[in-house]
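Below is input_38.cif, which holds mmCIF, C-alpha atoms.
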data_model
loop_
_atom_site.label_atom_id
_atom_site.label_comp_id
_atom_site.auth_asym_id
_atom_site.auth_seq_id
_atom_site.Cartn_x
_atom_site.Cartn_y
_atom_site.Cartn_z
CA MET A 28 18.30 38.11 9.45
CA THR A 29 14.85 39.21 8.27
CA GLN A 30 14.42 39.93 4.59
CA PRO A 31 14.95 43.67 4.25
CA THR A 32 12.45 45.99 2.59
CA ILE A 33 13.44 46.90 -0.98
CA PRO A 34 15.32 50.16 -0.44
CA THR A 35 14.94 53.27 -2.57
CA ILE A 36 17.91 55.46 -3.39
CA THR A 37 17.90 58.84 -5.06
CA ALA A 38 20.07 59.83 -8.01
CA PHE A 39 20.48 62.83 -10.31
CA GLU A 40 17.74 63.13 -12.93
CA ARG A 41 20.68 63.88 -15.22
CA SER A 42 24.12 63.34 -13.71
CA PRO A 43 26.52 66.22 -14.37
CA ASP A 44 29.05 63.68 -15.64
CA GLY A 45 26.66 62.33 -18.28
CA GLY A 46 26.96 58.75 -17.03
CA LYS A 47 30.66 58.35 -16.22
CA GLY A 48 29.61 56.83 -12.90
CA LEU A 49 31.17 59.57 -10.77
CA ALA A 50 27.99 60.67 -8.99
CA ARG A 51 27.85 59.23 -5.50
CA ASP A 52 24.85 57.01 -6.18
CA THR A 53 27.21 54.67 -8.07
CA ARG A 54 28.98 53.80 -4.80
CA VAL A 55 25.68 52.88 -3.21
CA ARG A 56 24.54 50.89 -6.28
CA TRP A 57 27.86 49.03 -6.17
CA ALA A 58 27.40 48.05 -2.53
CA LEU A 59 23.82 46.95 -3.21
CA GLU A 60 25.01 44.86 -6.15
CA GLU A 61 27.75 43.27 -4.04
CA ALA A 62 25.04 42.40 -1.51
CA GLY A 63 22.68 41.07 -4.19
CA GLN A 64 20.03 43.46 -2.90
CA ALA A 65 17.41 44.74 -5.38
CA TYR A 66 16.67 48.47 -5.12
CA GLU A 67 14.58 51.22 -6.61
CA VAL A 68 15.84 54.57 -7.81
CA ARG A 69 13.98 57.85 -7.57
CA LEU A 70 15.41 60.52 -9.83
CA VAL A 71 15.67 64.07 -8.54
CA SER A 72 16.19 67.22 -10.59
CA PHE A 73 18.67 69.91 -9.52
CA ALA A 74 15.75 72.17 -8.63
CA ALA A 75 13.90 69.54 -6.58
CA MET A 76 17.11 68.65 -4.75
CA LYS A 77 17.16 72.06 -3.10
CA GLN A 78 13.51 72.03 -2.04
CA ALA A 79 12.13 71.19 1.38
CA ALA A 80 10.77 67.75 0.46
CA HIS A 81 14.21 66.48 -0.55
CA ARG A 82 16.02 68.38 2.19
CA ALA A 83 13.88 66.49 4.72
CA LEU A 84 15.78 63.43 3.50
CA HIS A 85 19.12 65.13 2.85
CA PRO A 86 19.80 68.33 4.80
CA PHE A 87 22.52 69.39 2.35
CA GLY A 88 20.30 69.04 -0.72
CA GLN A 89 22.30 66.34 -2.48
CA VAL A 90 22.06 62.75 -3.69
CA PRO A 91 22.11 59.91 -2.88
CA THR A 92 19.67 59.24 -0.10
CA TYR A 93 18.58 55.80 1.09
CA GLU A 94 15.11 54.92 2.30
CA GLU A 95 14.26 51.54 3.74
CA GLY A 96 10.97 51.40 5.61
CA ASP A 97 11.16 54.15 8.23
CA LEU A 98 14.92 54.49 7.95
CA VAL A 99 16.28 57.47 6.00
CA LEU A 100 20.02 57.84 5.49
CA PHE A 101 22.20 60.22 3.51
CA GLU A 102 26.02 60.33 2.98
CA SER A 103 27.31 57.61 0.68
CA GLY A 104 29.77 56.44 3.35
CA ALA A 105 27.03 55.84 5.90
CA ILE A 106 24.77 54.16 3.35
CA VAL A 107 27.49 51.81 2.11
CA LEU A 108 28.46 50.89 5.68
CA HIS A 109 24.79 50.23 6.55
CA ILE A 110 24.37 47.95 3.52
CA ALA A 111 27.56 46.06 4.36
CA GLN A 112 26.53 45.55 7.99
CA GLN A 113 22.95 44.58 7.15
CA HIS A 114 23.93 42.03 4.52
CA GLU A 115 27.14 40.87 6.17
CA VAL A 116 29.14 41.48 3.03
CA LEU A 117 32.30 43.48 2.34
CA LEU A 118 33.24 43.38 6.04
CA PRO A 119 35.50 40.76 7.64
CA HIS A 120 34.03 38.71 10.51
CA ASP A 121 37.10 39.24 12.70
CA ALA A 122 36.50 42.36 14.81
CA ASP A 123 39.99 43.83 14.32
CA ALA A 124 39.93 43.26 10.55
CA ARG A 125 36.46 44.80 10.43
CA ALA A 126 37.68 47.93 12.24
CA ARG A 127 40.57 48.18 9.77
CA ALA A 128 38.24 47.88 6.76
CA ILE A 129 36.15 50.72 8.17
CA THR A 130 39.36 52.71 8.68
CA TRP A 131 39.97 52.57 4.93
CA MET A 132 36.46 53.90 4.29
CA PHE A 133 37.25 56.93 6.41
CA ALA A 134 40.66 57.28 4.77
CA ALA A 135 38.96 57.33 1.37
CA LEU A 136 36.43 59.95 2.42
CA ASN A 137 38.42 62.17 4.77
CA THR A 138 42.04 61.89 3.58
CA ILE A 139 41.93 61.01 -0.12
CA GLU A 140 38.70 62.64 -1.30
CA PRO A 141 39.15 66.20 0.09
CA PRO A 142 42.11 67.06 -2.18
CA ILE A 143 40.26 65.42 -5.09
CA LEU A 144 37.21 67.58 -4.35
CA ASP A 145 39.59 70.57 -4.40
CA LEU A 146 40.55 69.70 -7.94
CA GLN A 147 36.91 69.54 -8.98
CA THR A 148 36.20 72.85 -7.26
CA ALA A 149 39.23 74.41 -8.96
CA LYS A 150 38.03 73.24 -12.37
CA ILE A 151 34.27 73.68 -12.08
CA LEU A 152 33.74 76.56 -9.64
CA GLU A 153 36.99 78.47 -10.17
CA GLY A 154 37.85 77.49 -13.74
CA ASP A 155 37.16 81.04 -14.97
CA LYS A 156 39.18 82.77 -12.25
CA PRO A 157 42.47 84.50 -13.04
CA TRP A 158 44.37 82.30 -10.55
CA CYS A 159 43.08 78.96 -11.82
CA GLU A 160 45.98 78.02 -14.07
CA GLN A 161 48.68 79.16 -11.67
CA ARG A 162 47.07 77.41 -8.72
CA MET A 163 46.42 74.07 -10.44
CA PRO A 164 49.92 72.56 -9.89
CA LEU A 165 49.56 73.08 -6.12
CA VAL A 166 46.16 71.39 -6.11
CA LYS A 167 47.45 68.46 -8.14
CA ASP A 168 50.59 68.06 -6.03
CA ARG A 169 48.47 67.66 -2.90
CA ILE A 170 46.70 64.78 -4.62
CA ARG A 171 50.00 63.30 -5.82
CA GLN A 172 51.28 63.23 -2.26
CA ARG A 173 48.34 61.08 -1.16
CA LEU A 174 48.52 58.83 -4.23
CA GLY A 175 52.21 58.21 -3.57
CA GLU A 176 51.55 57.28 0.04
CA LEU A 177 48.62 55.06 -0.90
CA SER A 178 50.70 53.37 -3.60
CA THR A 179 53.47 52.64 -1.10
CA ARG A 180 51.04 51.11 1.37
CA LEU A 181 49.27 49.02 -1.25
CA GLY A 182 52.56 47.63 -2.60
CA ASP A 183 51.88 44.46 -4.54
CA ALA A 184 48.69 43.57 -2.68
CA ASP A 185 45.41 43.30 -4.56
CA TRP A 186 43.40 45.13 -1.90
CA LEU A 187 44.15 47.43 1.01
CA ASP A 188 43.79 44.90 3.83
CA GLY A 189 43.11 41.28 2.93
CA ALA A 190 39.97 40.55 0.92
CA PHE A 191 38.00 43.20 -0.99
CA SER A 192 36.02 45.24 1.57
CA VAL A 193 33.91 48.38 2.00
CA GLY A 194 37.24 50.17 2.36
CA ASP A 195 38.29 49.17 -1.14
CA LEU A 196 34.83 49.88 -2.57
CA MET A 197 34.99 53.42 -1.25
CA MET A 198 38.66 53.99 -2.10
CA VAL A 199 38.21 52.85 -5.70
CA SER A 200 35.06 54.99 -6.01
CA VAL A 201 36.92 58.06 -4.79
CA LEU A 202 39.97 57.42 -6.99
CA LEU A 203 37.81 56.99 -10.10
CA ARG A 204 37.11 60.72 -9.90
CA LEU A 205 40.74 61.28 -10.91
CA ARG A 206 40.65 59.36 -14.16
CA ALA A 207 39.98 62.36 -16.42
CA SER A 208 42.86 64.28 -14.82
CA GLY A 209 45.45 61.71 -15.89
CA LEU A 210 46.83 61.59 -12.34
CA LEU A 211 45.99 57.91 -11.89
CA ASP A 212 48.27 57.03 -14.79
CA GLU A 213 51.22 58.49 -12.91
CA TYR A 214 50.83 55.74 -10.29
CA PRO A 215 50.65 52.33 -12.02
CA THR A 216 50.03 50.53 -8.71
CA ILE A 217 46.98 52.72 -8.07
CA ALA A 218 45.77 52.52 -11.66
CA ALA A 219 45.88 48.71 -11.50
CA TYR A 220 44.06 48.75 -8.14
CA VAL A 221 41.29 50.92 -9.55
CA ALA A 222 41.03 48.66 -12.60
CA ARG A 223 40.64 45.61 -10.33
CA GLY A 224 37.76 47.35 -8.58
CA GLU A 225 36.10 48.28 -11.84
CA GLY A 226 36.48 44.71 -13.00
CA ARG A 227 34.19 43.35 -10.30
CA PRO A 228 30.86 42.18 -11.75
CA ALA A 229 28.94 44.12 -9.10
CA TYR A 230 30.67 47.35 -10.15
CA GLN A 231 29.94 46.60 -13.79
CA ARG A 232 26.23 46.18 -13.04
CA ALA A 233 26.15 49.38 -10.94
CA PHE A 234 27.94 51.32 -13.66
CA ALA A 235 25.67 49.98 -16.40
CA ALA A 236 22.53 50.87 -14.40
CA GLN A 237 23.54 54.52 -13.92
CA LEU A 238 24.78 54.75 -17.51
CA ALA A 239 21.46 53.50 -18.89
CA LEU A 240 19.60 56.16 -16.90
CA ASN A 241 21.93 58.96 -17.88
CA THR A 242 21.98 58.16 -21.58
CA ARG A 243 18.28 57.39 -22.02
CA LYS A 244 16.50 59.21 -24.81
CA GLU A 245 13.12 59.86 -23.23
CA SER A 246 12.54 62.34 -20.46
CA VAL A 247 11.47 60.96 -17.08
CA PRO A 248 9.37 63.20 -14.83
CA ALA A 249 11.45 64.14 -11.79
CA GLY A 250 10.57 62.05 -8.77
CA ASN A 251 9.02 59.23 -10.79
CA GLY A 252 12.03 57.50 -12.28
CA ARG A 253 12.47 53.81 -11.56
CA ALA A 254 15.47 51.74 -12.41
CA MET B 17 32.57 42.59 27.44
CA THR B 18 36.16 41.84 28.38
CA GLN B 19 38.21 44.63 29.87
CA PRO B 20 40.04 46.18 26.93
CA THR B 21 43.77 46.69 26.85
CA ILE B 22 44.79 50.26 27.71
CA PRO B 23 45.07 51.79 24.24
CA THR B 24 47.86 54.09 23.10
CA ILE B 25 47.19 57.00 20.80
CA THR B 26 49.71 59.23 19.07
CA ALA B 27 49.69 63.03 19.11
CA PHE B 28 51.90 65.86 17.88
CA GLU B 29 55.00 66.39 20.00
CA ARG B 30 54.02 70.06 19.63
CA SER B 31 50.64 70.72 18.04
CA PRO B 32 50.75 73.38 15.31
CA ASP B 33 47.84 75.14 17.08
CA GLY B 34 49.79 75.43 20.33
CA GLY B 35 47.08 73.64 22.34
CA LYS B 36 43.80 75.01 20.94
CA GLY B 37 42.54 71.43 20.72
CA LEU B 38 42.23 71.43 16.94
CA ALA B 39 44.60 68.53 16.26
CA ARG B 40 42.68 65.35 15.57
CA ASP B 41 43.90 63.55 18.69
CA THR B 42 41.44 65.73 20.66
CA ARG B 43 38.48 63.97 18.99
CA VAL B 44 39.87 60.61 20.02
CA ARG B 45 40.66 61.79 23.56
CA TRP B 46 37.09 63.11 23.79
CA ALA B 47 35.59 59.74 22.79
CA LEU B 48 37.87 57.92 25.24
CA GLU B 49 36.81 60.30 28.01
CA GLU B 50 33.13 59.80 27.17
CA ALA B 51 33.77 56.05 27.43
CA GLY B 52 35.68 56.40 30.69
CA GLN B 53 38.60 54.58 29.09
CA ALA B 54 42.12 55.33 30.31
CA TYR B 55 44.70 55.73 27.57
CA GLU B 56 48.34 56.44 26.94
CA VAL B 57 49.74 59.02 24.56
CA ARG B 58 52.92 58.67 22.53
CA LEU B 59 54.18 61.96 21.17
CA VAL B 60 55.56 62.09 17.65
CA SER B 61 57.70 64.84 16.13
CA PHE B 62 57.03 66.17 12.62
CA ALA B 63 60.17 64.43 11.41
CA ALA B 64 59.32 61.06 13.00
CA MET B 65 55.78 61.24 11.60
CA LYS B 66 57.13 60.93 8.07
CA GLN B 67 59.45 58.01 8.80
CA ALA B 68 58.82 54.35 8.11
CA ALA B 69 58.17 53.33 11.72
CA HIS B 70 55.26 55.73 12.05
CA ARG B 71 54.04 55.15 8.50
CA ALA B 72 53.67 51.48 9.36
CA LEU B 73 50.91 52.65 11.73
CA HIS B 74 49.64 55.55 9.60
CA PRO B 75 50.30 55.29 5.85
CA PHE B 76 49.72 59.04 5.38
CA GLY B 77 52.23 60.05 8.07
CA GLN B 78 49.81 61.81 10.39
CA VAL B 79 48.39 61.63 13.88
CA PRO B 80 46.43 60.25 15.62
CA THR B 81 46.89 56.52 15.51
CA TYR B 82 45.32 54.05 17.91
CA GLU B 83 46.99 50.87 19.17
CA GLU B 84 45.19 48.34 21.31
CA GLY B 85 46.90 44.99 21.57
CA ASP B 86 47.42 43.81 18.01
CA LEU B 87 44.91 46.28 16.57
CA VAL B 88 46.27 49.37 14.84
CA LEU B 89 43.89 52.01 13.51
CA PHE B 90 44.31 55.46 11.97
CA GLU B 91 41.73 58.05 10.84
CA SER B 92 40.00 59.82 13.72
CA GLY B 93 36.58 58.84 12.36
CA ALA B 94 37.38 55.14 12.42
CA ILE B 95 39.01 55.36 15.85
CA VAL B 96 36.07 57.23 17.39
CA LEU B 97 33.59 54.76 15.88
CA HIS B 98 35.62 51.83 17.19
CA ILE B 99 35.70 53.29 20.70
CA ALA B 100 31.95 53.95 20.62
CA GLN B 101 31.17 50.41 19.46
CA GLN B 102 33.57 48.76 21.89
CA HIS B 103 32.29 50.65 24.91
CA GLU B 104 28.66 50.88 23.83
CA VAL B 105 28.63 54.63 24.32
CA LEU B 106 27.66 57.52 22.03
CA LEU B 107 25.61 55.16 19.82
CA PRO B 108 21.87 54.50 20.22
CA HIS B 109 20.79 50.89 20.81
CA ASP B 110 18.06 51.09 18.16
CA ALA B 111 19.54 49.98 14.83
CA ASP B 112 17.97 52.75 12.75
CA ALA B 113 19.00 55.48 15.22
CA ARG B 114 22.50 54.00 15.27
CA ALA B 115 22.75 54.17 11.48
CA ARG B 116 21.60 57.80 11.59
CA ALA B 117 24.20 58.70 14.24
CA ILE B 118 26.90 57.19 12.02
CA THR B 119 25.48 59.19 9.09
CA TRP B 120 26.23 62.39 10.98
CA MET B 121 29.83 61.24 11.50
CA PHE B 122 30.24 60.88 7.76
CA ALA B 123 28.46 64.20 7.18
CA ALA B 124 30.95 65.88 9.53
CA LEU B 125 33.96 64.32 7.83
CA ASN B 126 32.94 64.26 4.17
CA THR B 127 30.49 67.18 3.76
CA ILE B 128 31.37 69.74 6.45
CA GLU B 129 35.10 69.24 6.92
CA PRO B 130 36.31 69.40 3.28
CA PRO B 131 35.40 73.10 2.79
CA ILE B 132 36.83 73.83 6.25
CA LEU B 133 40.08 72.11 5.24
CA ASP B 134 40.06 74.32 2.13
CA LEU B 135 40.07 77.38 4.35
CA GLN B 136 43.05 76.06 6.30
CA THR B 137 44.86 75.22 3.06
CA ALA B 138 44.10 78.70 1.71
CA LYS B 139 45.51 80.33 4.84
CA ILE B 140 48.44 78.08 5.65
CA LEU B 141 49.65 76.68 2.31
CA GLU B 142 48.50 79.47 -0.02
CA GLY B 143 48.54 82.46 2.33
CA ASP B 144 51.50 83.99 0.50
CA LYS B 145 50.04 83.51 -2.99
CA PRO B 146 48.86 86.47 -5.05
CA TRP B 147 45.34 85.03 -5.32
CA CYS B 148 44.84 84.37 -1.63
CA GLU B 149 42.91 87.52 -0.72
CA GLN B 150 40.71 87.49 -3.81
CA ARG B 151 39.89 83.83 -3.47
CA MET B 152 39.06 83.87 0.25
CA PRO B 153 35.41 85.01 -0.08
CA LEU B 154 34.66 82.03 -2.35
CA VAL B 155 36.23 79.63 0.12
CA LYS B 156 34.29 81.14 3.03
CA ASP B 157 31.00 81.19 1.13
CA ARG B 158 31.26 77.46 0.50
CA ILE B 159 31.53 76.97 4.26
CA ARG B 160 28.64 79.38 4.91
CA GLN B 161 26.40 77.34 2.63
CA ARG B 162 26.98 74.22 4.74
CA LEU B 163 26.63 76.07 8.03
CA GLY B 164 23.30 77.51 6.90
CA GLU B 165 22.02 74.08 5.93
CA LEU B 166 23.24 72.54 9.15
CA SER B 167 21.67 75.34 11.18
CA THR B 168 18.33 74.78 9.45
CA ARG B 169 18.41 71.07 10.15
CA LEU B 170 19.43 71.51 13.79
CA GLY B 171 16.67 74.06 14.44
CA ASP B 172 16.03 74.31 18.19
CA ALA B 173 17.26 70.80 18.97
CA ASP B 174 20.20 70.30 21.30
CA TRP B 175 21.82 67.60 19.18
CA LEU B 176 21.55 66.41 15.58
CA ASP B 177 19.39 63.32 16.18
CA GLY B 178 18.13 62.66 19.70
CA ALA B 179 20.76 62.20 22.40
CA PHE B 180 24.40 63.27 22.04
CA SER B 181 26.16 60.73 19.80
CA VAL B 182 29.35 60.05 17.88
CA GLY B 183 27.78 62.17 15.15
CA ASP B 184 27.66 65.20 17.42
CA LEU B 185 31.13 64.52 18.81
CA MET B 186 32.57 64.54 15.31
CA MET B 187 30.48 67.47 14.04
CA VAL B 188 31.40 69.69 17.00
CA SER B 189 35.07 68.71 16.62
CA VAL B 190 35.03 69.66 12.95
CA LEU B 191 33.16 72.94 13.55
CA LEU B 192 35.59 74.00 16.27
CA ARG B 193 38.19 74.46 13.54
CA LEU B 194 36.17 77.48 12.38
CA ARG B 195 36.27 79.42 15.62
CA ALA B 196 39.24 81.60 14.73
CA SER B 197 37.64 82.54 11.39
CA GLY B 198 34.62 84.15 13.05
CA LEU B 199 32.29 82.15 10.79
CA LEU B 200 30.66 80.31 13.69
CA ASP B 201 29.47 83.62 15.13
CA GLU B 202 27.45 84.25 11.97
CA TYR B 203 25.27 81.24 12.86
CA PRO B 204 24.05 81.55 16.47
CA THR B 205 22.35 78.14 16.32
CA ILE B 206 25.62 76.51 15.33
CA ALA B 207 27.66 78.54 17.82
CA ALA B 208 25.35 77.43 20.64
CA TYR B 209 25.55 73.81 19.45
CA VAL B 210 29.35 73.89 19.48
CA ALA B 211 29.29 75.49 22.95
CA ARG B 212 27.07 72.68 24.22
CA GLY B 213 29.58 70.16 22.94
CA GLU B 214 32.50 71.98 24.54
CA GLY B 215 30.56 72.11 27.79
CA ARG B 216 30.55 68.34 28.20
CA PRO B 217 32.87 67.25 31.04
CA ALA B 218 34.48 64.62 28.78
CA TYR B 219 35.40 67.32 26.24
CA GLN B 220 36.78 69.51 29.00
CA ARG B 221 39.04 66.69 30.21
CA ALA B 222 40.19 65.90 26.66
CA PHE B 223 40.93 69.56 25.97
CA ALA B 224 42.80 70.01 29.25
CA ALA B 225 44.95 66.94 28.59
CA GLN B 226 46.12 68.13 25.17
CA LEU B 227 46.58 71.68 26.46
CA ALA B 228 48.81 70.51 29.30
CA LEU B 229 51.02 68.62 26.84
CA ASN B 230 51.23 71.48 24.40
CA THR B 231 52.04 74.15 26.96
CA ARG B 232 54.50 72.15 29.06
CA LYS B 233 57.82 73.80 29.76
CA GLU B 234 60.17 70.82 29.60
CA SER B 235 61.06 69.00 26.42
CA VAL B 236 59.89 65.40 26.04
CA PRO B 237 61.99 63.12 23.84
CA ALA B 238 59.96 62.23 20.74
CA GLY B 239 58.37 58.83 21.03
CA ASN B 240 58.61 58.65 24.81
CA GLY B 241 55.93 61.06 25.96
CA ARG B 242 53.25 59.72 28.27
CA ALA B 243 50.10 61.55 29.34
#
Any chance you could give the structure as structure tokens?
Amino acid sequence: MTQPTIPTITAFERSPDGGKGLARDTRVRWALEEAGQAYEVRLVSFAAMKQAAHRALHPFGQVPTYEEGDLVLFESGAIVLHIAQQHEVLLPHDADARARAITWMFAALNTIEPPILDLQTAKILEGDKPWCEQRMPLVKDRIRQRLGELSTRLGDADWLDGAFSVGDLMMVSVLLRLRASGLLDEYPTIAAYVARGEGRPAYQRAFAAQLALNTRKESVPAGNGRA
Amino acid sequence: MTQPTIPTITAFERSPDGGKGLARDTRVRWALEEAGQAYEVRLVSFAAMKQAAHRALHPFGQVPTYEEGDLVLFESGAIVLHIAQQHEVLLPHDADARARAITWMFAALNTIEPPILDLQTAKILEGDKPWCEQRMPLVKDRIRQRLGELSTRLGDADWLDGAFSVGDLMMVSVLLRLRASGLLDEYPTIAAYVARGEGRPAYQRAFAAQLALNTRKESVPAGNGRA
């Protein structure tokens, strides 16, 4: 394996969560930390994110992106999978086990995260609508259904399928978005699983790096931030 | 490459769409047809889907699943990626191009599909709620935003990044869910892209296979169907 170029990721100039680690760059930082791969961060303002220069990297005008030489990727799932494959970390060697680890990535992003995104939409984009309060129990119950099923599958295992993998990294990252809602606390098995993920040194370093950026005092010109 | 075992996928005993091809087994059938891989189908009733035997394959009690020897996968994204990797189809050989094709799979499933799932939830699960009509324009506008961005990125290209890939297969499959809403027709570039995907002989075979099952006259005992 040739030594990879130092990759550059993009992150919010100021994350909407103020440094709680819920922006999707944290997932990518976590994977990079697990791989022991140094990286640079370019900060992007909300305004710059929607302009052509950034959209050339990310067609949907979001963060994170990932640049490594000529390669440009977006979508945290794709970036994390690329890092895992390139560094041969977080993925089992056995082909079947590897396919199952990747299955849990997709489960995190396409089965668990959509109802969680609904809750964020309901709070942030529809929080002032007359139906918000009445609708909220339905939105939360759809999340509870998935948490119950995930809890049953996890049982008393530490991780979803053998050793900690990209599937767990993504699942824990997605579930962390629920902390403020209190829903995690309703499922002790899931809460303990998330806590195990957060306890990993690589997660701690990723979290600290985004927190430092989001709580810094000085202003950094958009597009010139370096972490 | 050793000859793979004939895989078995699961599908709805009766798809809720009556054979419009919108159930997620169609994506998997499409990938198998692109790969020229024969497969078997086991039909599962709504009741059986929620029972322990099926949940051992799919912890969230859904279809499709994929069984190949000892390997059991769920999540259409993971299954399609596995098929593409195993058969060396729908993925570019160049490593960077391959990572970009996989990026479009994640974009389909984590950026484009969530607002489309919202629309289905709004219609099916909240169609009788007092807020349904008033809320619908917000739900549709969130989809329109993504379709506009996707249309801009696609431009006058046939496919999202070079040759047809797993990224296009998944994106077209996700977009097809919008046909009944009329939203695709608002974006001629997207409508033409989806039509190109549907025009592929492998898609046609996949669609025909699910249609034949869903419009059959005789009843097939749950768990014993074979296509």
On this structure, which residues satisfy the PyMOL selection byres ((chain B) within 6 of (chain A)), written as an MDAnalysis selection string?
-> chainID B and resid 76 87 94 112 119 125:126 130 147 165
Fewer than 6 positions away in the same chain doesn't count, so skip those; otherwise give me all residues within 9 Å of stretch 209-211 of chain B, counting only C-alpha atoms, as a list in words.
->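 Neighbouring residues, sequence-local ones excluded: Leu170, Ala173, Asp174, Trp175, Met187, Val188, Ser189, Leu191, Leu192 and Leu200 of chain B.
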Would you list the contacts of stretch 54-65 of chain B as number ranges by chain, taking every protein, DNA or RNA residue within 12 Å and counting all atoms listed in the file, but skipping same-chain residues closer than 4 positions in sequence?
-> B: 19-32, 41-42, 44-50, 69-84, 99, 221-222, 225-226, 229-230, 235-243
Selected residues, C-alpha atoms, written as an mmCIF file, in the coordinates of the input, please.
data_model
loop_
_atom_site.group_PDB
_atom_site.id
_atom_site.type_symbol
_atom_site.label_atom_id
_atom_site.label_comp_id
_atom_site.auth_asym_id
_atom_site.auth_seq_id
_atom_site.Cartn_x
_atom_site.Cartn_y
_atom_site.Cartn_z
ATOM 1 C CA GLN B 19 38.210 44.630 29.870
ATOM 2 C CA PRO B 20 40.040 46.180 26.930
ATOM 3 C CA THR B 21 43.770 46.690 26.850
ATOM 4 C CA ILE B 22 44.790 50.260 27.710
ATOM 5 C CA PRO B 23 45.070 51.790 24.240
ATOM 6 C CA THR B 24 47.860 54.090 23.100
ATOM 7 C CA ILE B 25 47.190 57.000 20.800
ATOM 8 C CA THR B 26 49.710 59.230 19.070
ATOM 9 C CA ALA B 27 49.690 63.030 19.110
ATOM 10 C CA PHE B 28 51.900 65.860 17.880
ATOM 11 C CA GLU B 29 55.000 66.390 20.000
ATOM 12 C CA ARG B 30 54.020 70.060 19.630
ATOM 13 C CA SER B 31 50.640 70.720 18.040
ATOM 14 C CA PRO B 32 50.750 73.380 15.310
ATOM 15 C CA ASP B 41 43.900 63.550 18.690
ATOM 16 C CA THR B 42 41.440 65.730 20.660
ATOM 17 C CA VAL B 44 39.870 60.610 20.020
ATOM 18 C CA ARG B 45 40.660 61.790 23.560
ATOM 19 C CA TRP B 46 37.090 63.110 23.790
ATOM 20 C CA ALA B 47 35.590 59.740 22.790
ATOM 21 C CA LEU B 48 37.870 57.920 25.240
ATOM 22 C CA GLU B 49 36.810 60.300 28.010
ATOM 23 C CA GLU B 50 33.130 59.800 27.170
ATOM 24 C CA ALA B 69 58.170 53.330 11.720
ATOM 25 C CA HIS B 70 55.260 55.730 12.050
ATOM 26 C CA ARG B 71 54.040 55.150 8.500
ATOM 27 C CA ALA B 72 53.670 51.480 9.360
ATOM 28 C CA LEU B 73 50.910 52.650 11.730
ATOM 29 C CA HIS B 74 49.640 55.550 9.600
ATOM 30 C CA PRO B 75 50.300 55.290 5.850
ATOM 31 C CA PHE B 76 49.720 59.040 5.380
ATOM 32 C CA GLY B 77 52.230 60.050 8.070
ATOM 33 C CA GLN B 78 49.810 61.810 10.390
ATOM 34 C CA VAL B 79 48.390 61.630 13.880
ATOM 35 C CA PRO B 80 46.430 60.250 15.620
ATOM 36 C CA THR B 81 46.890 56.520 15.510
ATOM 37 C CA TYR B 82 45.320 54.050 17.910
ATOM 38 C CA GLU B 83 46.990 50.870 19.170
ATOM 39 C CA GLU B 84 45.190 48.340 21.310
ATOM 40 C CA ILE B 99 35.700 53.290 20.700
ATOM 41 C CA ARG B 221 39.040 66.690 30.210
ATOM 42 C CA ALA B 222 40.190 65.900 26.660
ATOM 43 C CA ALA B 225 44.950 66.940 28.590
ATOM 44 C CA GLN B 226 46.120 68.130 25.170
ATOM 45 C CA LEU B 229 51.020 68.620 26.840
ATOM 46 C CA ASN B 230 51.230 71.480 24.400
ATOM 47 C CA SER B 235 61.060 69.000 26.420
ATOM 48 C CA VAL B 236 59.890 65.400 26.040
ATOM 49 C CA PRO B 237 61.990 63.120 23.840
ATOM 50 C CA ALA B 238 59.960 62.230 20.740
ATOM 51 C CA GLY B 239 58.370 58.830 21.030
ATOM 52 C CA ASN B 240 58.610 58.650 24.810
ATOM 53 C CA GLY B 241 55.930 61.060 25.960
ATOM 54 C CA ARG B 242 53.250 59.720 28.270
ATOM 55 C CA ALA B 243 50.100 61.550 29.340
#
Box time for stretch 92-110 of chain A: axis-aligned, enclosing all its listed atoms, 5 Å extra on each side; report centre and edge lengths in Å to one decimal, as AutoDock Vina command-line options.
--center_x 20.4 --center_y 54.1 --center_z 4.1 --size_x 28.8 --size_y 22.4 --size_z 18.3
Atom CA of B:Leu176 and atom CA of B:Asp110 are how many Å apart?
-> 15.9 Å
Neighbours of point (41.8, 77.6, 13.7) within 9 Å, using all atoms listed in the file, written as a ChimeraX atom specification = /B:33,36,38,136,192-197
Atom CA of B:Arg160 to atom CA of B:Phe223: how many Å, to one decimal?
-> 26.3 Å
